[in-house]
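Content type mmCIF, C-alpha atoms and all ligand atoms, from the file start-v5.cif:
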data_start
#
loop_
_atom_site.group_PDB
_atom_site.id
_atom_site.type_symbol
_atom_site.label_atom_id
_atom_site.label_comp_id
_atom_site.auth_asym_id
_atom_site.auth_seq_id
_atom_site.Cartn_x
_atom_site.Cartn_y
_atom_site.Cartn_z
ATOM 1 C CA MET T 1 114.139 117.154 110.225
ATOM 2 C CA PRO T 2 114.583 113.653 111.754
ATOM 3 C CA ALA T 3 117.599 111.755 110.417
ATOM 4 C CA GLY T 4 116.793 109.674 107.367
ATOM 5 C CA ARG T 5 113.732 111.717 106.442
ATOM 6 C CA VAL T 6 114.002 112.921 102.866
ATOM 7 C CA ARG T 7 112.360 116.114 101.628
ATOM 8 C CA VAL T 8 110.374 115.658 98.441
ATOM 9 C CA LEU T 9 108.730 118.284 96.265
ATOM 10 C CA TYR T 10 105.909 116.454 94.533
ATOM 11 C CA VAL T 11 104.612 118.179 91.393
ATOM 12 C CA GLY T 12 100.875 117.490 91.199
ATOM 13 C CA GLY T 13 98.123 118.301 88.741
ATOM 14 C CA LEU T 14 96.861 116.987 85.432
ATOM 15 C CA GLY T 15 99.526 116.184 82.826
ATOM 16 C CA ARG T 16 100.199 118.731 80.030
ATOM 17 C CA SER T 17 100.169 121.572 82.520
ATOM 18 C CA GLY T 18 103.786 122.545 81.908
ATOM 19 C CA SER T 19 105.149 120.360 84.676
ATOM 20 C CA THR T 20 108.166 119.091 82.725
ATOM 21 C CA LEU T 21 109.512 122.598 82.110
ATOM 22 C CA ILE T 22 108.888 123.683 85.693
ATOM 23 C CA GLU T 23 110.361 120.487 87.120
ATOM 24 C CA ARG T 24 113.509 120.895 85.070
ATOM 25 C CA LEU T 25 113.981 124.530 86.037
ATOM 26 C CA VAL T 26 113.404 123.783 89.723
ATOM 27 C CA GLY T 27 115.923 120.953 89.272
ATOM 28 C CA GLN T 28 118.556 123.492 88.217
ATOM 29 C CA LEU T 29 118.465 125.202 91.589
ATOM 30 C CA PRO T 30 121.405 124.311 93.840
ATOM 31 C CA GLY T 31 120.848 121.240 96.025
ATOM 32 C CA VAL T 32 117.815 120.062 94.055
ATOM 33 C CA CYS T 33 117.588 116.829 92.062
ATOM 34 C CA ALA T 34 114.612 116.417 89.673
ATOM 35 C CA VAL T 35 114.009 112.873 88.496
ATOM 36 C CA GLY T 36 110.861 112.937 86.348
ATOM 37 C CA GLU T 37 107.748 110.892 87.057
ATOM 38 C CA LEU T 38 108.764 108.195 89.514
ATOM 39 C CA VAL T 39 105.307 106.613 89.438
ATOM 40 C CA HIS T 40 106.387 105.182 86.082
ATOM 41 C CA LEU T 41 109.844 103.990 87.194
ATOM 42 C CA TRP T 42 108.676 100.482 88.059
ATOM 43 C CA GLU T 43 107.158 99.573 84.715
ATOM 44 C CA ARG T 44 108.660 101.938 82.145
ATOM 45 C CA GLY T 45 112.081 102.021 83.796
ATOM 46 C CA ILE T 46 112.772 98.645 85.397
ATOM 47 C CA THR T 47 110.561 96.403 83.247
ATOM 48 C CA ASP T 48 110.441 98.143 79.848
ATOM 49 C CA ASP T 49 113.918 99.698 80.040
ATOM 50 C CA GLU T 50 112.760 102.957 78.471
ATOM 51 C CA ARG T 51 115.257 105.770 78.029
ATOM 52 C CA CYS T 52 116.406 108.014 80.856
ATOM 53 C CA GLY T 53 116.458 111.780 80.223
ATOM 54 C CA CYS T 54 120.225 111.432 79.628
ATOM 55 C CA GLY T 55 119.463 109.282 76.559
ATOM 56 C CA GLU T 56 120.692 105.953 77.967
ATOM 57 C CA PRO T 57 118.324 103.035 78.470
ATOM 58 C CA PHE T 58 117.289 102.918 82.145
ATOM 59 C CA SER T 59 119.399 99.791 82.782
ATOM 60 C CA GLN T 60 122.525 101.482 81.380
ATOM 61 C CA CYS T 61 122.208 104.887 83.024
ATOM 62 C CA PRO T 62 125.012 105.223 85.601
ATOM 63 C CA PHE T 63 122.863 107.436 87.842
ATOM 64 C CA TRP T 64 119.971 104.982 88.055
ATOM 65 C CA LEU T 65 122.352 102.019 88.450
ATOM 66 C CA GLN T 66 123.747 103.674 91.562
ATOM 67 C CA VAL T 67 120.297 104.619 92.842
ATOM 68 C CA GLY T 68 119.049 101.046 92.384
ATOM 69 C CA LYS T 69 122.019 99.678 94.338
ATOM 70 C CA ALA T 70 121.676 102.242 97.123
ATOM 71 C CA ALA T 71 117.914 101.782 97.463
ATOM 72 C CA PHE T 72 117.419 98.052 96.990
ATOM 73 C CA GLY T 73 120.800 96.411 96.411
ATOM 74 C CA GLY T 74 120.085 96.519 92.655
ATOM 75 C CA TRP T 75 116.940 96.693 90.528
ATOM 76 C CA ASP T 76 116.938 92.887 90.194
ATOM 77 C CA GLU T 77 116.107 92.693 93.885
ATOM 78 C CA ILE T 78 112.701 94.315 93.388
ATOM 79 C CA ASP T 79 109.544 92.385 92.683
ATOM 80 C CA VAL T 80 107.966 94.885 90.300
ATOM 81 C CA SER T 81 104.727 92.918 90.202
ATOM 82 C CA ARG T 82 104.442 93.347 93.995
ATOM 83 C CA VAL T 83 104.720 97.142 93.616
ATOM 84 C CA GLY T 84 102.075 96.976 90.867
ATOM 85 C CA ALA T 85 99.745 94.875 93.003
ATOM 86 C CA LEU T 86 100.070 97.251 95.953
ATOM 87 C CA ARG T 87 99.493 100.198 93.648
ATOM 88 C CA ALA T 88 96.237 98.656 92.435
ATOM 89 C CA GLN T 89 95.165 98.196 96.068
ATOM 90 C CA VAL T 90 95.901 101.685 97.400
ATOM 91 C CA ASP T 91 97.021 104.167 94.715
ATOM 92 C CA ARG T 92 93.930 104.885 92.619
ATOM 93 C CA ASN T 93 91.710 107.949 92.330
ATOM 94 C CA ARG T 94 88.753 105.993 93.677
ATOM 95 C CA PHE T 95 90.555 105.415 96.985
ATOM 96 C CA ILE T 96 91.151 109.146 97.562
ATOM 97 C CA PRO T 97 88.061 109.703 99.774
ATOM 98 C CA ALA T 98 89.220 106.892 102.085
ATOM 99 C CA LEU T 99 92.847 108.089 102.011
ATOM 100 C CA ALA T 100 91.747 111.616 102.929
ATOM 101 C CA ARG T 101 90.344 110.421 106.267
ATOM 102 C CA ARG T 102 92.418 110.687 109.393
ATOM 103 C CA GLN T 103 92.229 106.927 109.996
ATOM 104 C CA VAL T 104 92.389 104.124 107.462
ATOM 105 C CA ARG T 105 91.558 100.465 108.006
ATOM 106 C CA PRO T 106 94.443 98.378 109.455
ATOM 107 C CA GLU T 107 94.727 96.275 106.289
ATOM 108 C CA THR T 108 94.924 99.404 104.119
ATOM 109 C CA ARG T 109 97.447 100.904 106.512
ATOM 110 C CA ARG T 110 99.721 97.881 106.135
ATOM 111 C CA ARG T 111 99.493 97.958 102.347
ATOM 112 C CA LEU T 112 100.093 101.696 102.250
ATOM 113 C CA ALA T 113 103.135 101.417 104.487
ATOM 114 C CA GLU T 114 104.636 98.711 102.282
ATOM 115 C CA TYR T 115 103.811 100.598 99.082
ATOM 116 C CA THR T 116 105.227 103.951 100.174
ATOM 117 C CA SER T 117 108.323 102.327 101.676
ATOM 118 C CA TYR T 118 109.459 101.634 98.088
ATOM 119 C CA TYR T 119 109.196 105.356 97.330
ATOM 120 C CA ALA T 120 110.878 106.355 100.584
ATOM 121 C CA ARG T 121 113.880 104.149 99.793
ATOM 122 C CA LEU T 122 113.976 105.474 96.254
ATOM 123 C CA TYR T 123 113.874 109.134 97.307
ATOM 124 C CA ALA T 124 116.537 108.583 99.965
ATOM 125 C CA ALA T 125 118.792 106.899 97.409
ATOM 126 C CA VAL T 126 118.267 109.698 94.872
ATOM 127 C CA ALA T 127 119.212 112.258 97.531
ATOM 128 C CA ASP T 128 122.236 110.185 98.523
ATOM 129 C CA VAL T 129 123.568 109.535 95.011
ATOM 130 C CA SER T 130 122.936 113.089 93.764
ATOM 131 C CA GLY T 131 124.205 114.743 96.952
ATOM 132 C CA CYS T 132 121.054 116.898 96.945
ATOM 133 C CA ASP T 133 118.737 117.460 99.868
ATOM 134 C CA LEU T 134 115.567 118.083 97.864
ATOM 135 C CA VAL T 135 114.166 115.513 95.429
ATOM 136 C CA VAL T 136 111.576 116.620 92.858
ATOM 137 C CA ASP T 137 109.129 113.936 91.757
ATOM 138 C CA SER T 138 106.694 115.099 89.077
ATOM 139 C CA SER T 139 104.488 112.011 89.154
ATOM 140 C CA LYS T 140 101.501 114.412 89.201
ATOM 141 C CA HIS T 141 98.832 111.861 90.234
ATOM 142 C CA ALA T 142 96.833 113.019 93.247
ATOM 143 C CA SER T 143 96.296 109.483 94.529
ATOM 144 C CA LEU T 144 100.048 108.883 94.944
ATOM 145 C CA ALA T 145 100.387 112.162 96.868
ATOM 146 C CA PHE T 146 97.598 110.990 99.202
ATOM 147 C CA CYS T 147 99.557 107.769 99.812
ATOM 148 C CA LEU T 148 102.895 109.515 100.337
ATOM 149 C CA ARG T 149 101.572 112.032 102.860
ATOM 150 C CA ARG T 150 101.398 109.178 105.392
ATOM 151 C CA GLU T 151 104.953 107.944 104.814
ATOM 152 C CA PRO T 152 106.985 108.810 107.930
ATOM 153 C CA ASP T 153 110.344 108.832 106.105
ATOM 154 C CA VAL T 154 109.196 111.399 103.529
ATOM 155 C CA ASP T 155 108.821 115.123 104.202
ATOM 156 C CA LEU T 156 106.287 115.808 101.468
ATOM 157 C CA ARG T 157 105.674 119.238 99.930
ATOM 158 C CA VAL T 158 103.183 119.400 97.081
ATOM 159 C CA LEU T 159 103.456 121.881 94.232
ATOM 160 C CA HIS T 160 99.949 121.931 92.796
ATOM 161 C CA LEU T 161 100.335 123.088 89.217
ATOM 162 C CA VAL T 162 97.313 124.409 87.325
ATOM 163 C CA ARG T 163 96.914 125.580 83.755
ATOM 164 C CA ASP T 164 93.999 126.862 81.704
ATOM 165 C CA PRO T 165 91.968 123.694 81.020
ATOM 166 C CA ARG T 166 91.460 124.705 77.380
ATOM 167 C CA ALA T 167 95.240 124.683 76.830
ATOM 168 C CA VAL T 168 95.504 121.381 78.695
ATOM 169 C CA ALA T 169 92.660 119.741 76.742
ATOM 170 C CA TYR T 170 94.112 120.961 73.442
ATOM 171 C CA SER T 171 97.418 119.344 74.333
ATOM 172 C CA TRP T 172 95.770 116.019 75.282
ATOM 173 C CA GLY T 173 94.090 115.963 71.859
ATOM 174 C CA ARG T 174 97.333 116.150 69.897
ATOM 175 C CA GLN T 175 99.210 113.164 68.570
ATOM 176 C CA VAL T 176 102.682 113.197 70.116
ATOM 177 C CA LEU T 177 105.375 110.615 69.411
ATOM 178 C CA ARG T 178 107.104 109.231 72.501
ATOM 179 C CA PRO T 179 110.889 109.239 72.036
ATOM 180 C CA ASP T 180 111.243 107.059 75.147
ATOM 181 C CA THR T 181 111.648 103.764 73.263
ATOM 182 C CA ASP T 182 112.859 102.444 69.911
ATOM 183 C CA ARG T 183 109.363 101.095 69.189
ATOM 184 C CA PRO T 184 107.043 103.680 67.649
ATOM 185 C CA SER T 185 104.547 104.684 70.333
ATOM 186 C CA TYR T 186 102.449 107.755 71.044
ATOM 187 C CA MET T 187 101.413 109.603 74.152
ATOM 188 C CA THR T 188 97.904 108.932 75.446
ATOM 189 C CA ARG T 189 95.213 111.122 73.857
ATOM 190 C CA TYR T 190 91.956 112.301 75.421
ATOM 191 C CA SER T 191 88.931 113.965 73.897
ATOM 192 C CA ALA T 192 88.365 117.547 75.070
ATOM 193 C CA VAL T 193 85.572 116.493 77.442
ATOM 194 C CA THR T 194 87.545 113.593 78.917
ATOM 195 C CA ALA T 195 90.556 115.864 79.481
ATOM 196 C CA ALA T 196 88.258 118.448 81.104
ATOM 197 C CA LYS T 197 86.787 115.852 83.480
ATOM 198 C CA GLN T 198 90.271 114.617 84.403
ATOM 199 C CA TRP T 199 91.344 118.222 84.998
ATOM 200 C CA ASP T 200 88.429 118.654 87.416
ATOM 201 C CA VAL T 201 89.152 115.416 89.273
ATOM 202 C CA GLN T 202 92.889 116.016 89.694
ATOM 203 C CA ASN T 203 92.578 119.648 90.732
ATOM 204 C CA ALA T 204 89.713 119.015 93.158
ATOM 205 C CA ALA T 205 91.758 116.183 94.675
ATOM 206 C CA PHE T 206 94.700 118.522 95.343
ATOM 207 C CA HIS T 207 92.386 120.991 97.100
ATOM 208 C CA LEU T 208 91.217 118.111 99.293
ATOM 209 C CA LEU T 209 94.840 117.096 99.936
ATOM 210 C CA ALA T 210 95.674 120.620 101.117
ATOM 211 C CA ARG T 211 92.713 120.456 103.517
ATOM 212 C CA THR T 212 94.186 117.330 105.127
ATOM 213 C CA GLY T 213 97.121 119.479 106.240
ATOM 214 C CA CYS T 214 99.626 118.393 103.586
ATOM 215 C CA PRO T 215 101.840 121.405 102.777
ATOM 216 C CA THR T 216 100.687 122.553 99.349
ATOM 217 C CA MET T 217 101.581 125.488 97.130
ATOM 218 C CA ARG T 218 99.442 126.289 94.116
ATOM 219 C CA LEU T 219 101.111 127.709 91.016
ATOM 220 C CA ARG T 220 99.434 128.703 87.756
ATOM 221 C CA TYR T 221 101.543 127.829 84.727
ATOM 222 C CA GLU T 222 100.598 131.209 83.235
ATOM 223 C CA ASP T 223 102.026 133.029 86.274
ATOM 224 C CA PHE T 224 105.164 130.930 86.082
ATOM 225 C CA THR T 225 105.780 131.835 82.437
ATOM 226 C CA ALA T 226 105.066 135.535 83.101
ATOM 227 C CA GLN T 227 107.571 135.760 85.972
ATOM 228 C CA PRO T 228 109.635 132.580 86.147
ATOM 229 C CA GLU T 229 112.263 134.020 88.462
ATOM 230 C CA LEU T 230 109.678 135.099 91.000
ATOM 231 C CA ALA T 231 107.916 131.735 90.745
ATOM 232 C CA LEU T 232 111.164 129.800 91.281
ATOM 233 C CA ARG T 233 111.909 131.948 94.314
ATOM 234 C CA ARG T 234 108.484 131.101 95.765
ATOM 235 C CA VAL T 235 108.895 127.382 95.013
ATOM 236 C CA ALA T 236 112.377 127.288 96.579
ATOM 237 C CA SER T 237 111.153 128.972 99.714
ATOM 238 C CA PHE T 238 108.100 126.684 99.929
ATOM 239 C CA ALA T 239 110.370 123.648 99.598
ATOM 240 C CA GLY T 240 112.620 124.936 102.362
ATOM 241 C CA ARG T 241 115.534 125.775 100.054
ATOM 242 C CA PRO T 242 117.336 129.096 100.201
ATOM 243 C CA ALA T 243 116.276 131.057 97.098
ATOM 244 C CA PRO T 244 119.373 131.853 95.022
ATOM 245 C CA ASP T 245 120.149 135.504 94.250
ATOM 246 C CA SER T 246 120.611 134.853 90.552
ATOM 247 C CA TYR T 247 119.142 132.500 87.968
ATOM 248 C CA PRO T 248 121.807 132.275 85.262
ATOM 249 C CA PHE T 249 119.771 129.745 83.247
ATOM 250 C CA LEU T 250 116.945 132.283 82.740
ATOM 251 C CA THR T 251 116.973 135.195 80.320
ATOM 252 C CA GLY T 252 114.134 137.640 79.981
ATOM 253 C CA ALA T 253 113.567 140.700 77.867
ATOM 254 C CA GLY T 254 110.344 142.607 77.421
ATOM 255 C CA GLY T 255 108.358 140.041 79.365
ATOM 256 C CA THR T 256 109.508 137.195 77.091
ATOM 257 C CA TRP T 257 111.571 134.560 78.807
ATOM 258 C CA SER T 258 113.764 131.704 77.755
ATOM 259 C CA ALA T 259 115.702 129.130 79.728
ATOM 260 C CA ARG T 260 118.801 127.041 79.154
ATOM 261 C CA LEU T 261 118.196 123.445 80.179
ATOM 262 C CA ASP T 262 121.022 121.233 81.408
ATOM 263 C CA GLY T 263 120.801 117.463 81.000
ATOM 264 C CA GLY T 264 119.204 115.318 83.666
ATOM 265 C CA HIS T 265 118.135 111.818 84.632
ATOM 266 C CA SER T 266 114.356 111.981 84.429
ATOM 267 C CA VAL T 267 112.867 108.525 84.419
ATOM 268 C CA SER T 268 109.664 109.286 82.522
ATOM 269 C CA GLY T 269 107.575 112.214 81.360
ATOM 270 C CA ASN T 270 106.909 114.594 78.505
ATOM 271 C CA PRO T 271 109.270 114.298 75.478
ATOM 272 C CA MET T 272 110.697 117.678 76.496
ATOM 273 C CA ARG T 273 112.634 115.838 79.201
ATOM 274 C CA PHE T 274 115.219 114.950 76.512
ATOM 275 C CA THR T 275 115.699 118.588 75.456
ATOM 276 C CA THR T 276 118.857 120.439 76.433
ATOM 277 C CA GLY T 277 119.897 123.990 75.616
ATOM 278 C CA PRO T 278 117.683 127.025 75.141
ATOM 279 C CA VAL T 279 113.876 126.689 75.308
ATOM 280 C CA PRO T 280 111.173 129.349 75.351
ATOM 281 C CA VAL T 281 109.338 129.868 78.642
ATOM 282 C CA SER T 282 105.969 130.842 77.219
ATOM 283 C CA ARG T 283 102.276 130.278 77.764
ATOM 284 C CA ASP T 284 101.947 128.524 74.392
ATOM 285 C CA GLU T 285 98.486 129.663 73.389
ATOM 286 C CA LYS T 286 98.138 127.772 70.116
ATOM 287 C CA TRP T 287 94.864 126.380 71.404
ATOM 288 C CA ARG T 288 93.187 129.786 70.999
ATOM 289 C CA ALA T 289 93.512 129.563 67.207
ATOM 290 C CA ARG T 290 93.573 125.811 66.667
ATOM 291 C CA MET T 291 90.992 124.369 69.054
ATOM 292 C CA SER T 292 87.427 124.320 67.788
ATOM 293 C CA GLN T 293 84.993 126.718 69.425
ATOM 294 C CA ALA T 294 82.796 123.722 70.267
ATOM 295 C CA ASP T 295 85.634 122.031 72.164
ATOM 296 C CA GLN T 296 86.514 125.272 73.957
ATOM 297 C CA ARG T 297 82.888 125.677 75.036
ATOM 298 C CA ALA T 298 82.667 122.025 76.128
ATOM 299 C CA VAL T 299 85.789 122.327 78.278
ATOM 300 C CA THR T 300 84.516 125.523 79.866
ATOM 301 C CA ALA T 301 81.120 123.932 80.580
ATOM 302 C CA VAL T 302 82.752 121.021 82.423
ATOM 303 C CA THR T 303 85.375 122.988 84.340
ATOM 304 C CA TRP T 304 83.922 126.468 84.913
ATOM 305 C CA PRO T 305 83.673 126.497 88.731
ATOM 306 C CA LEU T 306 87.381 125.773 89.189
ATOM 307 C CA MET T 307 88.290 127.777 86.066
ATOM 308 C CA ALA T 308 86.638 130.816 87.567
ATOM 309 C CA GLY T 309 88.341 130.184 90.904
ATOM 310 C CA TYR T 310 91.748 130.144 89.209
ATOM 311 C CA GLY T 311 90.974 133.300 87.226
ATOM 312 C CA TYR T 312 90.728 131.723 83.785
ATOM 313 C CA LEU T 313 87.344 133.227 82.972
ATOM 314 C CA GLY T 314 87.212 136.887 82.095
ATOM 315 C CA ALA T 315 89.872 139.537 81.938
ATOM 316 C CA ARG T 316 92.299 137.991 84.465
ATOM 317 C CA SER T 317 92.949 134.890 82.363
HETATM 318 ZN ZN ZN U 401 120.299 108.875 83.010
#
Represent the structure contained in this file as structure tokens.
Ligand SMILES: [Zn+2]
Amino acid sequence: MPAGRVRVLYVGGLGRSGSTLIERLVGQLPGVCAVGELVHLWERGITDDERCGCGEPFSQCPFWLQVGKAAFGGWDEIDVSRVGALRAQVDRNRFIPALARRQVRPETRRRLAEYTSYYARLYAAVADVSGCDLVVDSSKHASLAFCLRREPDVDLRVLHLVRDPRAVAYSWGRQVLRPDTDRPSYMTRYSAVTAAKQWDVQNAAFHLLARTGCPTMRLRYEDFTAQPELALRRVASFAGRPAPDSYPFLTGAGGTWSARLDGGHSVSGNPMRFTTGPVPVSRDEKWRARMSQADQRAVTAVTWPLMAGYGYLGARS
């Protein structure tokens, strides 16, 4: 790997696919630093000063203070509105067809290079401060992965995470309090059909990304929960890390697994990022009993081609 090039495992897919649990477990492998959803660092971290996974406000977290200094000479040195403006110009789902082409227009290329240079500096600083040589970013958005694949200072590996769209849509329909701030706020909610359409768009985009030559590994959340040790071994090897012989944070008996989560410095993500200690590693199939039959049918109608491809229709699901 050329000097200065940082290896990044980018967790992609639609939110509520179990990415927080997987990210945190991958982050417990030696030499790996998982930092949550960096796409939200600029606004939720720097501007809104939301809480880090360690519980401190972003501006008070010693880890992020060091990262900010190493990457930019301090967070005050960044023009967050510039990052936001560039994001609006290049990092959107609607730009994916253009970003998938081999060549992009010179103006777009300049904007992309400036935009992804912020991420490259951030990843390098995370690797430096943590002493790890693999950074896990679970930003999930396909459009950001399409931008980052062109960044010369980032060695990008994409973990494309999929989950049964009925489970995902059920989760998007629930009201969930965000513990990220002192102000009462809730996670975004989608109707079942909207969640199903988003699921289609994100997953199709990651198939397209793989076809551009970006190293991509697909993992079903259901397979992860059935055999987490095996899945972590596969992920480690895909990300170029030696797979450890033992996984002391995992315990399994009779096909039921649980994990012990250590603390971390995730910048944004599912409320589970604040959890430490033992957690179940399970499929969580509450949707089967609690989601209306009409919603289940609607989700299946919207997503069935990919659902079938992933084995979620019929006996294999
Ligand atoms: Zn922290």
Self-check item: Test item: residues no farther than 10 Å from ligand ZN 401 (chain U), counting only C-alpha atoms and all ligand atoms, as a VMD selection string
Solution: chain T and resid 35 51 to 65 263 to 267
Exercise. Determine the residue set returned by the PyMOL selection byres (((chain T and resi 108-124) around 7) and not hetatm) for the present structure, and present it as number ranges by chain.
Key: T: 6, 71, 83, 86-87, 90, 104-107, 125-128, 135, 147-148, 151, 153-154
Practice problem: Can you give me, as a ChimeraX atom specification, the residues this file yields under the PyMOL selection byres (((chain T and resi 159-165) around 7) and not hetatm)? | Solution: /T:9-13,17,157-158,166-169,196,199,206,216-222,299,312
Exercise. Between atom CA of T:Asp223 and atom CA of T:Ser246, measure the distance and give it in Å to one decimal.
Key: 19.2 Å
Quiz item: So which one's closest to T:Arg233, T:Ile96, T:Ala204, T:Leu21, T:Leu29? Using only C-alpha atoms, please.
Solution: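 The shortest atom-to-atom distance to T:Arg233 comes from T:Leu29.
Using only C-alpha atoms for every distance, the candidate list T:Arg290, T:Trp172, T:Ala298, T:Gln66 yields T:Gln66 as the residue closest to T:Ser130.
Distance check against T:Pro179 using all atoms listed in the file: of T:Pro305, T:Gly36, T:Pro271, T:Gly255, the minimum falls on T:Pro271.
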